[in-house]
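run-v4.csv (CSV, C-alpha atoms (C1' of nucleotides)) appears below.
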chain,number,residue,atom,x,y,z
I,1,MET,CA,-74.3,-11.6,-27.8
I,2,SER,CA,-71.3,-13.6,-26.8
I,3,HIS,CA,-69.3,-11.0,-28.5
I,4,ARG,CA,-71.1,-8.4,-26.4
I,5,LYS,CA,-70.3,-10.2,-23.2
I,6,HIS,CA,-66.7,-10.5,-24.1
I,7,GLN,CA,-66.5,-6.8,-24.7
I,8,ASP,CA,-68.1,-6.1,-21.3
I,9,TYR,CA,-65.6,-8.4,-19.5
I,10,THR,CA,-62.7,-6.7,-21.3
I,11,ALA,CA,-64.0,-3.3,-20.3
I,12,SER,CA,-64.4,-4.4,-16.7
I,13,LEU,CA,-60.9,-5.8,-16.5
I,14,LYS,CA,-59.4,-2.6,-18.0
I,15,ALA,CA,-61.5,-0.5,-15.7
I,16,SER,CA,-59.8,-2.2,-12.8
I,17,GLY,CA,-56.4,-1.8,-14.3
I,18,LEU,CA,-56.0,-5.5,-15.0
I,19,GLN,CA,-54.6,-7.1,-18.0
I,20,VAL,CA,-57.0,-8.9,-20.4
I,21,THR,CA,-56.0,-12.5,-20.7
I,22,ALA,CA,-57.9,-15.4,-22.3
I,23,GLN,CA,-57.8,-17.2,-18.9
I,24,ARG,CA,-59.4,-14.3,-17.1
I,25,LEU,CA,-62.1,-13.9,-19.6
I,26,ALA,CA,-62.9,-17.6,-19.5
I,27,VAL,CA,-63.0,-17.6,-15.7
I,28,LEU,CA,-65.3,-14.6,-15.8
I,29,ARG,CA,-67.6,-16.3,-18.3
I,30,SER,CA,-67.5,-19.5,-16.2
I,31,VAL,CA,-68.4,-17.8,-13.0
I,32,GLN,CA,-71.3,-16.0,-14.7
I,33,THR,CA,-72.6,-19.3,-16.2
I,34,GLN,CA,-72.3,-21.8,-13.4
I,35,HIS,CA,-73.7,-20.1,-10.3
I,36,HIS,CA,-71.7,-20.7,-7.0
I,37,ALA,CA,-69.2,-23.0,-8.7
I,38,THR,CA,-66.1,-24.2,-6.9
I,39,ALA,CA,-62.6,-23.5,-8.2
I,40,ASP,CA,-62.4,-27.1,-9.4
I,41,GLU,CA,-65.6,-26.8,-11.4
I,42,ILE,CA,-64.5,-23.5,-12.9
I,43,CYS,CA,-61.1,-25.1,-13.8
I,44,GLU,CA,-62.9,-27.9,-15.6
I,45,GLN,CA,-65.0,-25.5,-17.6
I,46,VAL,CA,-62.2,-23.2,-18.5
I,47,ARG,CA,-60.2,-26.2,-19.7
I,48,SER,CA,-63.0,-27.3,-21.9
I,49,GLU,CA,-62.9,-23.9,-23.5
I,50,LEU,CA,-59.2,-23.2,-23.7
I,51,GLY,CA,-57.7,-26.6,-23.7
I,52,THR,CA,-54.9,-26.7,-21.2
I,53,VAL,CA,-54.9,-24.3,-18.3
I,54,SER,CA,-53.0,-24.7,-15.0
I,55,ARG,CA,-54.9,-24.9,-11.8
I,56,GLN,CA,-52.7,-22.1,-10.5
I,57,ALA,CA,-53.8,-19.8,-13.3
I,58,VAL,CA,-57.4,-20.4,-12.4
I,59,TYR,CA,-56.7,-19.7,-8.7
I,60,ASP,CA,-54.7,-16.6,-9.6
I,61,ALA,CA,-57.5,-15.3,-11.7
I,62,LEU,CA,-60.2,-16.1,-9.1
I,63,ASN,CA,-58.1,-14.3,-6.4
I,64,THR,CA,-57.4,-11.3,-8.5
I,65,LEU,CA,-60.9,-10.9,-9.7
I,66,SER,CA,-62.3,-11.3,-6.2
I,67,GLU,CA,-59.9,-8.7,-4.8
I,68,ASN,CA,-61.0,-6.3,-7.5
I,69,GLY,CA,-64.7,-6.9,-6.9
I,70,LEU,CA,-65.4,-8.4,-10.3
I,71,ILE,CA,-66.6,-11.5,-8.7
I,72,ARG,CA,-67.3,-12.6,-5.1
I,73,ARG,CA,-66.0,-15.5,-3.1
I,74,ILE,CA,-68.1,-17.3,-0.5
I,75,GLU,CA,-66.7,-20.0,1.9
I,76,PRO,CA,-69.5,-22.0,3.4
I,77,ALA,CA,-68.7,-24.3,6.3
I,78,GLY,CA,-67.8,-27.8,5.1
I,79,SER,CA,-67.4,-26.8,1.4
I,80,PRO,CA,-64.5,-25.4,-0.7
I,81,SER,CA,-64.8,-21.8,-1.7
I,82,ARG,CA,-67.4,-20.9,-4.3
I,83,TYR,CA,-67.6,-18.0,-6.6
I,84,GLU,CA,-70.4,-15.9,-7.9
I,85,SER,CA,-70.8,-13.0,-10.4
I,86,ARG,CA,-73.4,-11.2,-8.3
I,87,THR,CA,-71.5,-8.6,-6.2
I,88,ASP,CA,-74.2,-6.6,-4.6
I,89,ASN,CA,-75.4,-7.0,-1.0
I,90,HIS,CA,-77.2,-10.3,-0.8
I,91,HIS,CA,-77.2,-13.4,1.3
I,92,HIS,CA,-77.3,-17.2,0.8
I,93,LEU,CA,-79.6,-20.1,1.4
I,94,ILE,CA,-77.6,-23.4,1.6
I,95,CYS,CA,-78.9,-27.0,1.8
I,96,ARG,CA,-77.3,-29.0,4.6
I,97,GLN,CA,-77.9,-32.2,2.6
I,98,CYS,CA,-76.8,-31.6,-1.0
I,99,GLY,CA,-74.9,-28.3,-0.6
I,100,LYS,CA,-77.0,-26.4,-3.1
I,101,VAL,CA,-76.6,-22.6,-2.8
I,102,LEU,CA,-79.3,-20.0,-3.7
I,103,ASP,CA,-79.1,-16.2,-3.5
I,104,VAL,CA,-81.6,-14.3,-1.4
I,105,ASP,CA,-81.9,-10.6,-1.2
I,106,CYS,CA,-80.8,-8.8,1.9
I,107,ALA,CA,-83.7,-9.3,4.5
I,108,HIS,CA,-83.9,-5.6,5.3
I,109,GLY,CA,-83.2,-3.7,2.1
I,110,GLU,CA,-80.0,-1.6,1.9
I,111,ALA,CA,-77.6,-2.8,4.5
I,112,PRO,CA,-79.1,-2.4,8.0
I,113,CYS,CA,-78.3,-6.0,8.8
I,114,MET,CA,-74.9,-4.4,9.4
I,115,ASP,CA,-76.2,-3.3,12.7
I,116,PRO,CA,-75.4,-5.7,15.5
I,117,PRO,CA,-76.7,-4.8,19.0
I,118,ASP,CA,-73.1,-4.2,20.2
I,119,THR,CA,-70.2,-3.5,17.9
I,120,HIS,CA,-67.5,-3.7,20.6
I,121,GLY,CA,-65.8,-0.9,18.9
I,122,PHE,CA,-65.4,-2.7,15.6
I,123,GLN,CA,-65.5,-0.8,12.3
I,124,ILE,CA,-68.0,-3.1,10.6
I,125,GLN,CA,-67.5,-3.6,6.9
I,126,GLU,CA,-70.0,-6.3,6.0
I,127,ALA,CA,-72.6,-8.6,7.4
I,128,GLU,CA,-72.5,-12.1,6.0
I,129,VAL,CA,-75.7,-14.1,6.4
I,130,ILE,CA,-76.2,-17.8,5.6
I,131,TYR,CA,-79.5,-19.5,6.1
I,132,TRP,CA,-78.9,-23.2,6.6
I,133,GLY,CA,-81.7,-25.7,5.9
I,134,ILE,CA,-83.0,-28.4,3.7
I,135,CYS,CA,-83.9,-27.8,0.1
I,136,PRO,CA,-87.2,-28.9,-1.4
I,137,ASP,CA,-85.6,-31.8,-3.4
I,138,CYS,CA,-83.9,-33.2,-0.4
I,139,GLN,CA,-87.0,-32.8,1.7
I,140,SER,CA,-88.9,-35.2,-0.7
I,141,HIS,CA,-86.2,-37.5,-1.8
I,142,HIS,CA,-85.0,-39.0,1.4
I,143,GLN,CA,-86.7,-37.8,4.5
N,144,MET,CA,-65.2,-25.0,42.1
N,145,SER,CA,-63.1,-26.9,39.6
N,146,HIS,CA,-64.6,-30.0,41.2
N,147,ARG,CA,-68.0,-28.5,40.6
N,148,LYS,CA,-67.3,-28.0,36.9
N,149,HIS,CA,-66.0,-31.5,36.5
N,150,GLN,CA,-69.3,-32.8,37.9
N,151,ASP,CA,-71.3,-30.6,35.4
N,152,TYR,CA,-69.3,-31.9,32.4
N,153,THR,CA,-69.7,-35.4,33.6
N,154,ALA,CA,-73.4,-34.9,33.9
N,155,SER,CA,-73.7,-33.3,30.5
N,156,LEU,CA,-71.9,-36.1,28.8
N,157,LYS,CA,-74.0,-38.8,30.6
N,158,ALA,CA,-77.2,-36.9,29.7
N,159,SER,CA,-76.2,-37.1,26.0
N,160,GLY,CA,-75.5,-40.8,26.4
N,161,LEU,CA,-71.7,-40.3,25.9
N,162,GLN,CA,-68.9,-42.0,27.8
N,163,VAL,CA,-67.0,-39.9,30.3
N,164,THR,CA,-63.4,-39.9,29.4
N,165,ALA,CA,-60.5,-37.8,30.6
N,166,GLN,CA,-59.9,-36.5,27.0
N,167,ARG,CA,-63.5,-35.3,26.6
N,168,LEU,CA,-63.5,-33.6,30.0
N,169,ALA,CA,-60.2,-31.9,29.2
N,170,VAL,CA,-61.6,-30.8,25.8
N,171,LEU,CA,-64.8,-29.4,27.4
N,172,ARG,CA,-62.7,-27.5,29.9
N,173,SER,CA,-60.4,-26.1,27.2
N,174,VAL,CA,-63.3,-25.0,25.0
N,175,GLN,CA,-64.8,-23.3,28.0
N,176,THR,CA,-61.6,-21.5,28.9
N,177,GLN,CA,-60.2,-20.4,25.6
N,178,HIS,CA,-63.0,-18.7,23.7
N,179,HIS,CA,-63.2,-19.6,20.0
N,180,ALA,CA,-60.1,-21.7,20.0
N,181,THR,CA,-58.9,-23.8,17.1
N,182,ALA,CA,-58.5,-27.5,17.2
N,183,ASP,CA,-54.8,-27.0,17.4
N,184,GLU,CA,-55.0,-24.7,20.3
N,185,ILE,CA,-57.3,-27.0,22.2
N,186,CYS,CA,-54.9,-29.9,21.4
N,187,GLU,CA,-52.0,-27.9,23.0
N,188,GLN,CA,-54.0,-27.1,26.1
N,189,VAL,CA,-55.3,-30.7,26.5
N,190,ARG,CA,-51.8,-32.0,26.2
N,191,SER,CA,-50.5,-29.7,28.8
N,192,GLU,CA,-53.1,-31.1,31.2
N,193,LEU,CA,-53.1,-34.8,30.3
N,194,GLY,CA,-49.6,-35.3,28.9
N,195,THR,CA,-49.9,-37.2,25.7
N,196,VAL,CA,-53.1,-37.1,23.7
N,197,SER,CA,-53.4,-37.9,20.0
N,198,ARG,CA,-54.6,-35.3,17.6
N,199,GLN,CA,-57.2,-37.7,16.5
N,200,ALA,CA,-58.7,-38.1,20.0
N,201,VAL,CA,-59.1,-34.3,20.1
N,202,TYR,CA,-60.8,-34.2,16.7
N,203,ASP,CA,-63.0,-37.1,17.7
N,204,ALA,CA,-64.0,-35.4,20.9
N,205,LEU,CA,-64.7,-32.1,19.2
N,206,ASN,CA,-66.8,-33.7,16.6
N,207,THR,CA,-68.8,-35.8,19.0
N,208,LEU,CA,-69.3,-32.9,21.4
N,209,SER,CA,-70.5,-30.7,18.5
N,210,GLU,CA,-72.9,-33.3,17.2
N,211,ASN,CA,-74.4,-33.6,20.6
N,212,GLY,CA,-74.8,-29.9,21.1
N,213,LEU,CA,-72.4,-29.6,24.1
N,214,ILE,CA,-70.2,-27.2,22.2
N,215,ARG,CA,-70.6,-25.4,18.9
N,216,ARG,CA,-68.3,-25.2,15.9
N,217,ILE,CA,-67.9,-22.1,13.7
N,218,GLU,CA,-66.0,-22.1,10.5
N,219,PRO,CA,-65.2,-18.5,9.5
N,220,ALA,CA,-63.9,-17.9,5.9
N,221,GLY,CA,-60.1,-18.1,5.8
N,222,SER,CA,-59.7,-19.6,9.2
N,223,PRO,CA,-59.6,-23.2,10.6
N,224,SER,CA,-62.7,-24.3,12.6
N,225,ARG,CA,-63.2,-22.7,16.0
N,226,TYR,CA,-65.1,-24.0,18.9
N,227,GLU,CA,-67.1,-22.3,21.6
N,228,SER,CA,-69.0,-23.3,24.7
N,229,ARG,CA,-71.9,-21.0,24.2
N,230,THR,CA,-74.6,-22.9,22.3
N,231,ASP,CA,-77.5,-20.5,22.3
N,232,ASN,CA,-78.6,-18.4,19.4
N,233,HIS,CA,-76.0,-15.7,18.9
N,234,HIS,CA,-73.7,-14.3,16.2
N,235,HIS,CA,-70.1,-13.3,15.7
N,236,LEU,CA,-68.0,-10.3,15.1
N,237,ILE,CA,-64.7,-11.1,13.4
N,238,CYS,CA,-61.7,-8.9,12.7
N,239,ARG,CA,-60.5,-9.2,9.1
N,240,GLN,CA,-57.0,-8.2,10.2
N,241,CYS,CA,-56.2,-10.3,13.3
N,242,GLY,CA,-58.9,-12.8,13.2
N,243,LYS,CA,-60.2,-12.0,16.6
N,244,VAL,CA,-63.7,-13.4,17.2
N,245,LEU,CA,-66.3,-11.9,19.6
N,246,ASP,CA,-69.8,-13.0,20.4
N,247,VAL,CA,-72.8,-10.7,19.8
N,248,ASP,CA,-76.4,-11.4,20.7
N,249,CYS,CA,-78.9,-12.0,18.0
N,250,ALA,CA,-79.9,-8.7,16.6
N,251,HIS,CA,-83.6,-9.3,16.9
N,252,GLY,CA,-84.1,-11.3,20.0
N,253,GLU,CA,-85.3,-14.9,19.7
N,254,ALA,CA,-84.7,-16.1,16.1
N,255,PRO,CA,-86.5,-13.9,13.6
N,256,CYS,CA,-83.3,-13.5,11.7
N,257,MET,CA,-84.4,-16.9,10.5
N,258,ASP,CA,-86.7,-15.1,8.2
N,259,PRO,CA,-85.3,-14.4,4.7
N,260,PRO,CA,-87.5,-12.6,2.2
N,261,ASP,CA,-87.9,-15.7,0.1
N,262,THR,CA,-87.2,-19.2,1.4
N,263,HIS,CA,-87.4,-20.9,-2.1
N,264,GLY,CA,-89.1,-23.8,-0.3
N,265,PHE,CA,-86.3,-24.5,2.0
N,266,GLN,CA,-86.9,-25.8,5.5
N,267,ILE,CA,-84.7,-23.3,7.4
N,268,GLN,CA,-82.9,-24.6,10.4
N,269,GLU,CA,-80.5,-21.8,11.3
N,270,ALA,CA,-79.4,-18.3,10.3
N,271,GLU,CA,-75.7,-17.8,10.7
N,272,VAL,CA,-74.6,-14.2,10.9
N,273,ILE,CA,-71.0,-13.0,10.8
N,274,TYR,CA,-70.2,-9.3,11.0
N,275,TRP,CA,-66.8,-8.7,9.4
N,276,GLY,CA,-64.8,-5.6,10.3
N,277,ILE,CA,-61.7,-4.2,12.0
N,278,CYS,CA,-61.3,-4.5,15.7
N,279,PRO,CA,-60.3,-1.5,17.9
N,280,ASP,CA,-56.7,-2.8,18.4
N,281,CYS,CA,-56.1,-3.1,14.6
N,282,GLN,CA,-57.7,0.2,14.0
N,283,SER,CA,-55.1,2.0,16.1
N,284,HIS,CA,-52.1,-0.1,15.6
N,285,HIS,CA,-51.5,0.0,11.9
N,286,GLN,CA,-54.0,2.1,10.0
H,287,DT,C1',-65.6,-60.7,36.0
H,288,DA,C1',-66.7,-61.3,31.2
H,289,DA,C1',-68.8,-59.9,26.9
H,290,DA,C1',-70.1,-56.3,24.0
H,291,DC,C1',-69.4,-51.9,22.9
H,292,DT,C1',-67.1,-47.6,22.5
H,293,DT,C1',-63.0,-44.9,22.4
H,294,DC,C1',-58.0,-44.0,21.7
H,295,DT,C1',-53.5,-44.5,19.2
H,296,DT,C1',-50.6,-44.5,15.3
H,297,DG,C1',-49.7,-43.7,10.8
H,298,DA,C1',-51.2,-43.1,6.2
H,299,DC,C1',-54.0,-40.4,3.3
H,300,DA,C1',-57.2,-36.6,1.0
H,301,DC,C1',-58.3,-32.2,-0.2
H,302,DA,C1',-58.0,-27.2,-1.0
H,303,DG,C1',-55.0,-24.1,-1.7
H,304,DT,C1',-50.3,-21.6,-1.7
H,305,DC,C1',-45.2,-20.9,-2.9
H,306,DC,C1',-41.6,-20.8,-6.1
H,307,DA,C1',-38.7,-20.0,-10.2
H,308,DG,C1',-38.4,-19.9,-14.8
H,309,DA,C1',-40.9,-19.3,-19.3
H,310,DA,C1',-44.4,-16.9,-21.9
H,311,DT,C1',-47.6,-13.2,-22.8
H,312,DT,C1',-49.3,-8.4,-22.6
H,313,DG,C1',-49.5,-3.4,-23.0
H,314,DA,C1',-47.1,1.2,-23.6
H,315,DG,C1',-44.1,4.0,-25.9
H,316,DC,C1',-41.3,4.7,-29.8
M,317,DG,C1',-45.4,-2.7,-36.2
M,318,DC,C1',-41.3,-3.4,-32.6
M,319,DT,C1',-39.1,-3.6,-28.0
M,320,DC,C1',-38.9,-3.7,-23.2
M,321,DA,C1',-40.7,-3.7,-18.7
M,322,DA,C1',-44.3,-5.5,-16.1
M,323,DT,C1',-47.4,-8.9,-15.5
M,324,DT,C1',-49.1,-13.5,-15.9
M,325,DC,C1',-48.8,-18.6,-16.7
M,326,DT,C1',-46.8,-23.2,-16.1
M,327,DG,C1',-45.5,-27.2,-13.5
M,328,DG,C1',-44.1,-29.1,-9.5
M,329,DA,C1',-43.3,-29.2,-4.7
M,330,DC,C1',-45.2,-28.2,-0.4
M,331,DT,C1',-48.4,-26.7,3.7
M,332,DG,C1',-52.3,-26.9,6.7
M,333,DT,C1',-56.5,-28.9,8.3
M,334,DG,C1',-58.8,-32.7,8.7
M,335,DT,C1',-60.4,-37.8,7.8
M,336,DC,C1',-59.8,-42.9,7.4
M,337,DA,C1',-58.5,-47.4,9.1
M,338,DA,C1',-57.1,-51.2,12.1
M,339,DG,C1',-55.7,-52.8,16.1
M,340,DA,C1',-55.1,-51.8,21.3
M,341,DA,C1',-57.1,-50.1,25.3
M,342,DG,C1',-60.7,-48.6,28.1
M,343,DT,C1',-65.8,-48.6,29.7
M,344,DT,C1',-70.4,-50.3,30.7
M,345,DT,C1',-73.8,-53.7,31.6
M,346,DA,C1',-75.2,-57.9,33.4

Is it possible to express this structure as structure tokens?
Amino acid sequence: MSHRKHQDYTASLKASGLQVTAQRLAVLRSVQTQHHATADEICEQVRSELGTVSRQAVYDALNTLSENGLIRRIEPAGSPSRYESRTDNHHHLICRQCGKVLDVDCAHGEAPCMDPPDTHGFQIQEAEVIYWGICPDCQSHHQ
Amino acid sequence: MSHRKHQDYTASLKASGLQVTAQRLAVLRSVQTQHHATADEICEQVRSELGTVSRQAVYDALNTLSENGLIRRIEPAGSPSRYESRTDNHHHLICRQCGKVLDVDCAHGEAPCMDPPDTHGFQIQEAEVIYWGICPDCQSHHQ
DNA sequence: TAAACTTCTTGACACAGTCCAGAATTGAGC
DNA sequence: GCTCAATTCTGGACTGTGTCAAGAAGTTTA
């Protein structure tokens, strides 16, 4: 099972023409496990697996993997970047109080939210949608 | 005309229970003039009007004005915060190459884009939409 | 005009992330 | 299996954006 995953990640890296390194595999595993983790949290986890890893190596891996579409980076206002393994078209629900991030499917199916009323001549590549609110926990705990 | 605007800003500040200071007025004017400017750009402009102003005073003004709804802050991925005077429900079109920001009206009118398929129990306050793409200038210049 | 409150100034600091140069690792071809 | 070229990793310095803190200055209310 964990062997299986390792194989998959190895294949994905090769398919993108990237070298397979222990650090990248650990980063991939960590992004898969901890949803919407920050670079720091990923760094921690990778260290607990591999022992010593430099912060730079983690940033390099995160950047390379993002650029090659193996993971996705989101940068919510007021928070450091977060990384997720889900790379299809979907949006996010974020709690203004505790910062929790949840995935939500695209509101309209395929990608029609890519249709603003006026494009001003832009070539539109992506529509990013963030729903800001208060999560159930924060609603009950201190309200 | 410029006298008129000054009056308006003064009234807005008072209506929010905020003190009227030269710095805040200059910041309001600057946000109104330079669309989607960064704190740094606003700082520059305010200095050119008032002479010496501390960076902190500008940040304080921007924060206070944002909190009171007199201006709005947006924080696009990969860019420092930007400020705008338009505070109604609208979205943004941003060029991935040059970073240009344009306003677009809400795609569906009032605020129905506040309707994700599954709210996961969140109390939703706002839906933030950013259309990422390439602006006409960047399409022609280097493509 | 004075007291109470808010705001501004200056300078130090925090955080997330990047740059750099040399050392180590990896993959491809022999 | 080796060897070499290309890529990646390490460690440390550095940058940009923004906040904190304490005292000085300004503003409001009575």

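Proximity to DA298 of chain H was assessed for M:DC318, M:DG327, M:DG332, M:DA337 counting all atoms listed in the file; the smallest distance is recorded for M:DA337.
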
Residue contacts of segment 239-242 of chain N (7 Å, all atoms listed in the file) excluding same-chain residues fewer than 5 positions away, as a PyMOL selection string: chain N and resi 275-277+281

Residue contacts of Leu205 of chain N (9 Å, only C-alpha atoms (C1' of nucleotides)) excluding same-chain residues fewer than 3 positions away, as a list of chain:residue names: N:Arg167, N:Val170, N:Leu171, N:Ala182, N:Ala200, N:Val201, N:Tyr202, N:Leu208, N:Ser209, N:Glu210, N:Ile214, N:Arg215, N:Arg216, N:Tyr226

Within 10 Å of chain I: residues of chain H, using all atoms listed in the file, as a PyMOL selection string: chain H and resi 301-304+311-313

Counting all atoms listed in the file, what are the residues of chain M within 10 Å of chain I, and for each of them which pair of atoms is the nearest and at what distance in Å, to one decimal? Sort the table by chain and rising number, as CSV.
residue,atom,partner,partner_atom,distance
M:DT323,C1',I:Gln19,CA,7.8
M:DT324,C1',I:Ala57,CA,8.3
M:DC325,C1',I:Ala57,CA,6.2
M:DT326,C1',I:Ser54,CA,6.5
M:DG327,C1',I:Ser54,CA,8.0

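You will find atom C1' of DT345 of chain M at 16.7 Å from atom C1' of DT293 of chain H.
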
Chain I contacts to chain N at 7 Å (only C-alpha atoms) as a PyMOL selection string: chain I and resi 75+77+104-105+107+114+116-118+121-136

Point-to-point distance from atom CA of Gly51 of chain I to atom C1' of DA321 of chain M, Å rounded to tenths: 29.0 Å

Between atom CA of Lys100 of chain I and atom CA of Leu13 of chain I - distance in Å to one decimal: 29.4 Å
